[in-house]
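Written out below as structure tokens is the structure these notes cover.
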2 protein chains.
Amino acid sequence: MTPSPPGSAGIKDVAAEAGVSVATVSRVLNGHPSVSPGSRERVLAAVEALGYRPNAVARSLRTHQTHTLGLVISDVLNPYFTELARSVEEAARALGYSVIIGNADERPELQDHHVRTLLDRRIDGLLVSPTDGGSPLMLDAVRAGTPMVFVDRWIPGVGVDVPVVRSDGRQAVRDLVAHLHGLGHRRLAIIAGPAATTTGSERVEAFRDALREHGTALPDAYIGQGDFQADSGRRATERFLALPEPPDVVFAADNLMALGALDAIRGRGLRVPHDIGLAAFDDIPWFVHTDPAVTAIAQPTAELGRAAVHALVDRIEGRSPRSVTLPARLVVRRSCGEDTRVRRSSP
Amino acid sequence: MTPSPPGSAGIKDVAAEAGVSVATVSRVLNGHPSVSPGSRERVLAAVEALGYRPNAVARSLRTHQTHTLGLVISDVLNPYFTELARSVEEAARALGYSVIIGNADERPELQDHHVRTLLDRRIDGLLVSPTDGGSPLMLDAVRAGTPMVFVDRWIPGVGVDVPVVRSDGRQAVRDLVAHLHGLGHRRLAIIAGPAATTTGSERVEAFRDALREHGTALPDAYIGQGDFQADSGRRATERFLALPEPPDVVFAADNLMALGALDAIRGRGLRVPHDIGLAAFDDIPWFVHTDPAVTAIAQPTAELGRAAVHALVDRIEGRSPRSVTLPARLVVRRSCGEDTRVRRSSP
DNA sequence: ATCCTCCGTGTAATCGATTCCACAAGGAGG
DNA sequence: CCTCCTTGTGGAATCGATTACACGGAGGAT
């Protein structure tokens with residue numbers, strides 16, 4: 001016998017079926033102690049018989065909790081964020097939360113749209129990887145006490161109320177520059193992300209600092225302005241290649257811009273790494289199979305997602321989580337030139 | 001002057017501030033005709049002053065509408081589904097709906113978990129790309145009248161209540177086989193998806209039929225059983241390569257298994273297409289840059305997402321949408337061997 | 001001048017749960 | 001035997017909106 005129309009029965013129907021009051025049904029469903037074994041059993045039987053499922057909307061209205069987290073990311077099409085989203089959802093599910101993902105497409109107004117929508121839905125907390133320096137809307141939300149955690153990127157000056165979960169690439173960038181120097185490359189260029197994002201500016205800074213340690217400067221002509229999208233990587237690279245003295249190596253601040261750079265290099269009929277080297281921030285499975293395999297800086301993406309969820313849930317449940325910073329690491333492949341001592345370093 | 005604590009004011013506060021009743025506030029907010037210009041103005045001013053935002057939870061409880069669509073996909077990490085999700089969200093947003101994505105990871109029990117959660121939240125409709133032949137839960141939901149649309153994959157025998165939005169790859173597969181034959185390849189193998197999924201079995205059928213048209217058979221040894229994940233593609237390919245008579249070309253039924261196949265081929269120290277050819281179902285930007293560029297069958301992914309949303313919203317709003325089938329097309333690159341007449345066919 | 005429409009508005013019921021409070025029954029202790 | 005406490009239960013308020021219904025007043029028709 002199929003339980004009659006599932007989703008249609010309400011708590012009142014269950015109460016009637018079980019011969020108890022709605023209060024008792026609610027107590028059974030929420031595991032309250034003071035319910036007699038007899039009632040509990042009859043309620044459970046009624047629930048089963050009617051195929052009853054509590055209405056989460058009504059429950060949320062009453063309890064002021066949705067058991068839902070909002071995740072606003074800058075670009076779902078970027079495999080890095082996809083992986084982040086996946087680990088966030090996984091960690092959240094383990095803690096009994098659902099996740100609603102908002103894709104900002106690197107557009108501040110779309111980001112605001114999602115934040116507003118999520119706030120309207122009274123999500124319990126918000127995980128954000130901001131596309132910009134901080135919209136008034138988001139700052140208001142923080143001030144109003146919305147539990148929030150920044151992940152990957154953050155907004156400076158928001159204060160301790162918003163922990164930041166991110167990875168630090170300084171050392172990995174330093175390793176990269178040392179690797180490039182070791183291969184004899186001196187003219188190193190970077191395709192930066194938007195200056196309004198922390199990852200956009202930090203990576204350039206780290207790169208510049210690492211170069212300085214090697215006594216090299218980073219000329220303006222070797223800084224391409226990108227927006228974390230493939231197209232911008234393509235354009236920046238074309239500009240580099242048109243220079244009287246093109247760089248030996250191009251370092252893209254994210255994987256999509258590296259894809260664009262590859263496009264541009266290929267379009268020119270040049271070969272990597274013979275004619276020009278390429279490296280990228282953010283490692284993805286495909287980098288192993290590009291022509292040639294791309295040297296990249298890998299973030300502990302899944303761990304970041306997990307840490308972010310734990311921090312956020314801590315905040316929601318009244319604790320005061322601290323920021324988390326995990327190290328990124330260099331993965332050397334062949335796109336910057338063959339290391340003469342070893343064949344390849346990655347499996 | 002910042003509007004005081006946003007998110008904290010309720011409709012009653014607005015009513016008090018504007019000197020009207022909550023009914024009038026609600027009418028203004030919902031654009032009802034019978035409100036005097038004076039009241040409307042004062043309500044709007046009060047809303048602005050208090051930074052009032054209606055509580056979507058309460059609204060949903062009353063109206064029985066959440067203006068939310070559920071999207072349950074088989075694997076977010078698969079770029080095909082990511083793009084699908086993106087276009088779904090975009091189309092839904094344009095129609096005033098939000099989307100909650102559930103990632104099933106190709107696991108039926110996880111798929112059920114998400115369907116259940118989404119149903120509990122009383123989403124207005126469900127977009128599903130089933131990982132299996134159909135769970136009782138989903139069938140019950142359909143029977144109970146939940147508006148549902150299948151996208152990409154579907155469950156046979158559910159009936160006209162559930163339109164299917166998908167792409168038909170038969171002709172593209174035929175084109176692929178013709179292309180391979182033209183290049184002199186005769187021993188063609190396929191890495192199939194799970195038989196429980198329609199895309200898993202259809203693609204094998206289409207391949208087999210196309211081979212038959214060329215007078216070739218598809219021996220069992222040349223059918224690898226995969227699960228749409230990279231690892232399974234790797235294993236299936238290793239098995240092919242260990243055969244006394246390995247295939248000339250391996251056709252992977254999705255892009256992740258193609259990635260795995262690439263791994264396996266590379267692990268053996270073989271070269272594509274010289275030693276063995278590779279083709280894939282589903283095209284992704286990275287295929288242009290792999291070594292070599294991968295010949296693939298491209299689906300009109302974004303259009304599929306859009307069509308699916310429109311079909312679902314049609315159902316939600318009481319109309320009776322029909323199923324949609326869009327053609328996929330072959331994109332020839334270099335992974336199956338150089339075409340002697342033209343250099344490359346894709347930009 | 002009287003009656004009948006509209007029009008704008010407010011009061012109160014409602015959506016489906018949770019939970020405070022009151023209360024009845026039963027056992028323990030005096 | 002009477003009180004007090006514990007335990008299980010139900011009635012009713014509540015969350016924050018939407019909306020059916022009633023009602024008072026202005027204006028038009030007769």
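Every chain in the structure tokens has a letter given in the order shown (A, B, ...), and although residue numbers restart at 1 in each chain, ligands are simply numbered from 1 in the order shown.
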Could you list, with a cut-off of 8 Å and counting only C-alpha atoms (C1' of nucleotides), the residues of chain B near chain D, each shown with its nearest atom pair and the distance in Å rounded to one decimal, rows sorted by chain and ascending number, as CSV?
residue,atom,partner,partner_atom,distance
B:Gly10,CA,D:DG16,C1',7.0
B:Ile11,CA,D:DG16,C1',7.3
B:Ser26,CA,D:DT18,C1',7.3
B:Pro54,CA,D:DA17,C1',7.7
B:Asn55,CA,D:DG16,C1',6.8
B:Ala58,CA,D:DA17,C1',4.9
B:Arg59,CA,D:DA17,C1',4.9
B:Arg62,CA,D:DT18,C1',6.2
B:Thr63,CA,D:DT18,C1',7.0
Writer output for current selection, all heavy atoms, as a short mmCIF file (atom, residue, chain, number, x, y, z; two decimals), in the first residue's frame:
data_model
loop_
_atom_site.label_atom_id
_atom_site.label_comp_id
_atom_site.auth_asym_id
_atom_site.auth_seq_id
_atom_site.Cartn_x
_atom_site.Cartn_y
_atom_site.Cartn_z
N GLY B 10 9.67 44.43 10.64
CA GLY B 10 8.63 43.60 10.05
C GLY B 10 7.58 44.48 9.41
O GLY B 10 7.65 45.71 9.48
N ILE B 11 6.60 43.84 8.81
CA ILE B 11 5.59 44.61 8.10
C ILE B 11 4.80 45.48 9.07
O ILE B 11 4.32 46.56 8.71
CB ILE B 11 4.65 43.65 7.32
CG1 ILE B 11 3.88 44.43 6.26
CG2 ILE B 11 3.73 42.89 8.25
CD1 ILE B 11 3.07 43.56 5.35
N SER B 26 1.06 45.60 2.61
CA SER B 26 1.15 44.43 1.74
C SER B 26 0.65 44.75 0.34
O SER B 26 1.26 44.36 -0.65
CB SER B 26 0.31 43.30 2.34
OG SER B 26 0.32 42.19 1.49
N PRO B 54 10.73 42.19 2.90
CA PRO B 54 9.74 41.17 3.26
C PRO B 54 10.39 39.83 3.54
O PRO B 54 11.37 39.46 2.92
CB PRO B 54 8.83 41.10 2.05
CG PRO B 54 9.36 42.03 1.02
CD PRO B 54 10.49 42.78 1.59
N ASN B 55 9.86 39.13 4.50
CA ASN B 55 10.36 37.82 4.87
C ASN B 55 9.82 36.78 3.90
O ASN B 55 8.63 36.45 3.89
CB ASN B 55 9.89 37.52 6.29
CG ASN B 55 10.42 36.21 6.81
OD1 ASN B 55 10.58 35.26 6.04
ND2 ASN B 55 10.73 36.16 8.08
N ALA B 58 7.87 33.71 5.44
CA ALA B 58 6.47 33.95 5.81
C ALA B 58 5.60 34.05 4.57
O ALA B 58 4.51 33.48 4.49
CB ALA B 58 6.36 35.23 6.63
N ARG B 59 6.10 34.76 3.61
CA ARG B 59 5.35 34.91 2.37
C ARG B 59 5.07 33.55 1.72
O ARG B 59 3.95 33.28 1.28
CB ARG B 59 6.17 35.79 1.41
CG ARG B 59 5.40 36.26 0.20
CD ARG B 59 6.33 36.57 -0.94
NE ARG B 59 7.18 37.72 -0.70
CZ ARG B 59 6.88 38.96 -1.08
NH1 ARG B 59 5.76 39.20 -1.70
NH2 ARG B 59 7.71 39.94 -0.85
N ARG B 62 2.35 31.50 3.43
CA ARG B 62 1.00 31.95 3.14
C ARG B 62 0.57 31.66 1.70
O ARG B 62 -0.55 31.21 1.44
CB ARG B 62 0.93 33.47 3.42
CG ARG B 62 -0.44 34.10 3.30
CD ARG B 62 -1.42 33.39 4.21
NE ARG B 62 -2.58 32.96 3.45
CZ ARG B 62 -3.77 33.52 3.51
NH1 ARG B 62 -4.00 34.52 4.36
NH2 ARG B 62 -4.75 33.11 2.78
N THR B 63 1.45 31.92 0.77
CA THR B 63 1.07 31.83 -0.64
C THR B 63 1.28 30.45 -1.26
O THR B 63 0.87 30.23 -2.39
CB THR B 63 1.88 32.82 -1.48
OG1 THR B 63 3.26 32.50 -1.36
CG2 THR B 63 1.66 34.25 -1.00
#
Those in stretch 111-343 of chain A with strand (DSSP E or B) from DSSP, as a PyMOL selection string: chain A and resi 125-128+148-151+164-168+188-192+223-225+249-252+277-281+290+295-298+324-327+329-331
Interface residues on chain B facing chain C, 9 Å, only C-alpha atoms (C1' of nucleotides), written as an NGL selection string: :B and (20-24 or 34-36 or 58 or 60-64)
Can those selected residues be exported to a file as a JSON list (two decimals), in the first residue's frame so that it contains C-alpha atoms?
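Saved result, again.json, follows:
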[["chain", "number", "residue", "atom", "x", "y", "z"],
["B", 20, "VAL", "CA", -1.53, 52.63, 7.82],
["B", 21, "SER", "CA", -2.51, 48.99, 8.37],
["B", 22, "VAL", "CA", -0.43, 45.99, 7.45],
["B", 23, "ALA", "CA", -2.93, 45.19, 4.73],
["B", 24, "THR", "CA", -2.19, 48.43, 2.97],
["B", 34, "SER", "CA", -6.61, 49.88, -4.89],
["B", 35, "VAL", "CA", -4.22, 51.95, -2.84],
["B", 36, "SER", "CA", -4.33, 55.74, -2.82],
["B", 58, "ALA", "CA", 6.47, 33.95, 5.81],
["B", 60, "SER", "CA", 5.92, 31.40, 1.09],
["B", 61, "LEU", "CA", 4.01, 29.85, 3.94],
["B", 62, "ARG", "CA", 1.00, 31.95, 3.14],
["B", 63, "THR", "CA", 1.07, 31.83, -0.64],
["B", 64, "HIS", "CA", 2.25, 28.25, -1.08]]
Interface, chain B side, toward chain A (8 Å; only C-alpha atoms) as a VMD selection string: chain B and resid 5 to 7 53 to 58 60 to 61 76 to 77 79 82 to 83 86 99 to 101 103 119 to 122 140 to 141 143 to 144 259 262 to 263 286 289 to 292
Contact residues around A:Val294 with only C-alpha atoms (C1' of nucleotides) at 12 Å, ignoring same-chain residues under 3 positions, as an MDAnalysis selection string: (chainID A and resid 249:252 255 258:259 261:262 272:273 277:291 297:298 330:338 344:346) or (chainID B and resid 289:291)
Length of the atom CA of B:Gly226 to atom CA of B:Gly193 vector [Å]: 5.0 Å
Non-local contacts of A:Val43 (12 Å; only C-alpha atoms (C1' of nucleotides); under 3 positions in same chain excluded) as JSON, numbers by chain: {"A": [11, 12, 13, 14, 15, 16, 17, 18, 19, 20, 21, 22, 23, 24, 25, 26, 27, 28, 29, 35, 36, 37, 38, 39, 40, 46, 47, 48, 49, 50, 51, 52]}
DSSP helix (DSSP H, G or I) selection over stretch 48-197 of chain A, as JSON, numbers by chain: {"A": [48, 49, 50, 56, 57, 58, 59, 60, 61, 62, 63, 79, 80, 81, 82, 83, 84, 85, 86, 87, 88, 89, 90, 91, 92, 93, 94, 108, 109, 110, 111, 112, 113, 114, 115, 116, 117, 118, 119, 120, 136, 137, 138, 139, 140, 141, 142, 143, 170, 171, 172, 173, 174, 175, 176, 177, 178, 179, 180, 181, 182]}
What lies within 10 Å of A:Ile191 using only C-alpha atoms (C1' of nucleotides), ignoring chain neighbours under 2 positions off, as a compact mmCIF listing (two decimals) with N, CA and C atoms, in the first residue's frame?
# COMPACT_ATOMS: atom_id res chain seq x y z
N ALA A 189 56.37 37.89 -16.66
CA ALA A 189 55.17 38.73 -16.69
C ALA A 189 54.04 38.07 -15.93
N GLY A 193 44.55 39.66 -11.53
CA GLY A 193 43.10 39.71 -11.42
C GLY A 193 42.68 41.13 -11.11
N PRO A 194 41.40 41.39 -10.99
CA PRO A 194 40.91 42.73 -10.69
C PRO A 194 41.52 43.25 -9.39
N GLY A 200 43.29 39.28 -6.44
CA GLY A 200 43.79 40.00 -7.59
C GLY A 200 45.06 40.77 -7.26
N ARG A 203 48.34 38.45 -5.33
CA ARG A 203 49.19 37.60 -6.15
C ARG A 203 50.23 38.42 -6.90
N VAL A 204 49.83 39.61 -7.32
CA VAL A 204 50.80 40.49 -7.97
C VAL A 204 51.87 40.90 -6.97
N TYR A 222 54.85 44.44 -18.03
CA TYR A 222 54.74 43.01 -17.75
C TYR A 222 53.63 42.69 -16.77
N ILE A 223 52.79 43.68 -16.51
CA ILE A 223 51.61 43.41 -15.68
C ILE A 223 50.39 43.56 -16.56
N GLY A 224 49.74 42.45 -16.85
CA GLY A 224 48.53 42.49 -17.65
C GLY A 224 47.33 42.62 -16.73
N GLN A 225 46.34 43.41 -17.14
CA GLN A 225 45.17 43.54 -16.28
C GLN A 225 44.09 42.58 -16.75
N GLY A 226 43.77 41.61 -15.92
CA GLY A 226 42.74 40.64 -16.28
C GLY A 226 41.56 40.72 -15.34
N ASP A 227 40.57 39.90 -15.59
CA ASP A 227 39.39 39.88 -14.71
C ASP A 227 39.00 38.46 -14.32
N PHE A 228 39.98 37.57 -14.33
CA PHE A 228 39.77 36.17 -13.96
C PHE A 228 38.98 35.39 -15.00
N SER A 232 40.11 37.78 -20.94
CA SER A 232 41.07 38.79 -20.50
C SER A 232 42.48 38.23 -20.52
N GLY A 233 42.61 36.95 -20.25
CA GLY A 233 43.93 36.32 -20.31
C GLY A 233 44.46 36.31 -21.73
N ARG A 234 43.53 36.10 -22.65
CA ARG A 234 43.90 36.09 -24.06
C ARG A 234 44.40 37.48 -24.47
N ARG A 235 43.62 38.48 -24.16
CA ARG A 235 43.99 39.84 -24.55
C ARG A 235 45.31 40.27 -23.93
N ALA A 236 45.47 40.01 -22.63
CA ALA A 236 46.70 40.41 -21.95
C ALA A 236 47.91 39.74 -22.59
N THR A 237 47.75 38.47 -22.93
CA THR A 237 48.86 37.74 -23.52
C THR A 237 49.20 38.27 -24.90
N PHE A 240 51.30 41.17 -24.44
CA PHE A 240 52.67 40.78 -24.08
C PHE A 240 53.46 40.39 -25.33
N VAL A 250 54.83 33.74 -18.85
CA VAL A 250 53.62 34.44 -18.40
C VAL A 250 53.02 33.65 -17.25
N PHE A 251 52.74 34.37 -16.16
CA PHE A 251 52.13 33.75 -14.98
C PHE A 251 50.70 34.27 -14.88
N ALA A 252 49.74 33.40 -15.02
CA ALA A 252 48.34 33.82 -14.96
C ALA A 252 47.81 33.64 -13.54
N ALA A 253 47.11 34.65 -13.05
CA ALA A 253 46.66 34.62 -11.65
C ALA A 253 45.46 33.71 -11.40
N ASP A 254 44.92 33.11 -12.45
CA ASP A 254 43.95 32.04 -12.21
C ASP A 254 43.92 31.10 -13.41
N MET A 257 42.33 32.43 -16.96
CA MET A 257 43.18 33.36 -17.71
C MET A 257 44.35 32.59 -18.33
N ALA A 258 44.77 31.53 -17.67
CA ALA A 258 45.82 30.69 -18.25
C ALA A 258 45.30 30.02 -19.52
N ALA A 261 45.45 32.56 -22.12
CA ALA A 261 46.84 32.78 -22.53
C ALA A 261 47.27 31.69 -23.52
N ALA A 280 50.38 29.00 -13.84
CA ALA A 280 49.07 29.48 -13.41
C ALA A 280 48.88 29.34 -11.92
Separation of atom CA of B:Glu109 from atom CA of B:Gly134 in Å: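 Distance reported for this atom pair: 11.2 Å.
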Pairwise distance for atom CA of A:Val309 and atom CA of A:Pro147, rounded to one decimal in Å: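 Between atom CA of A:Val309 and atom CA of A:Pro147 the gap is 11.4 Å.
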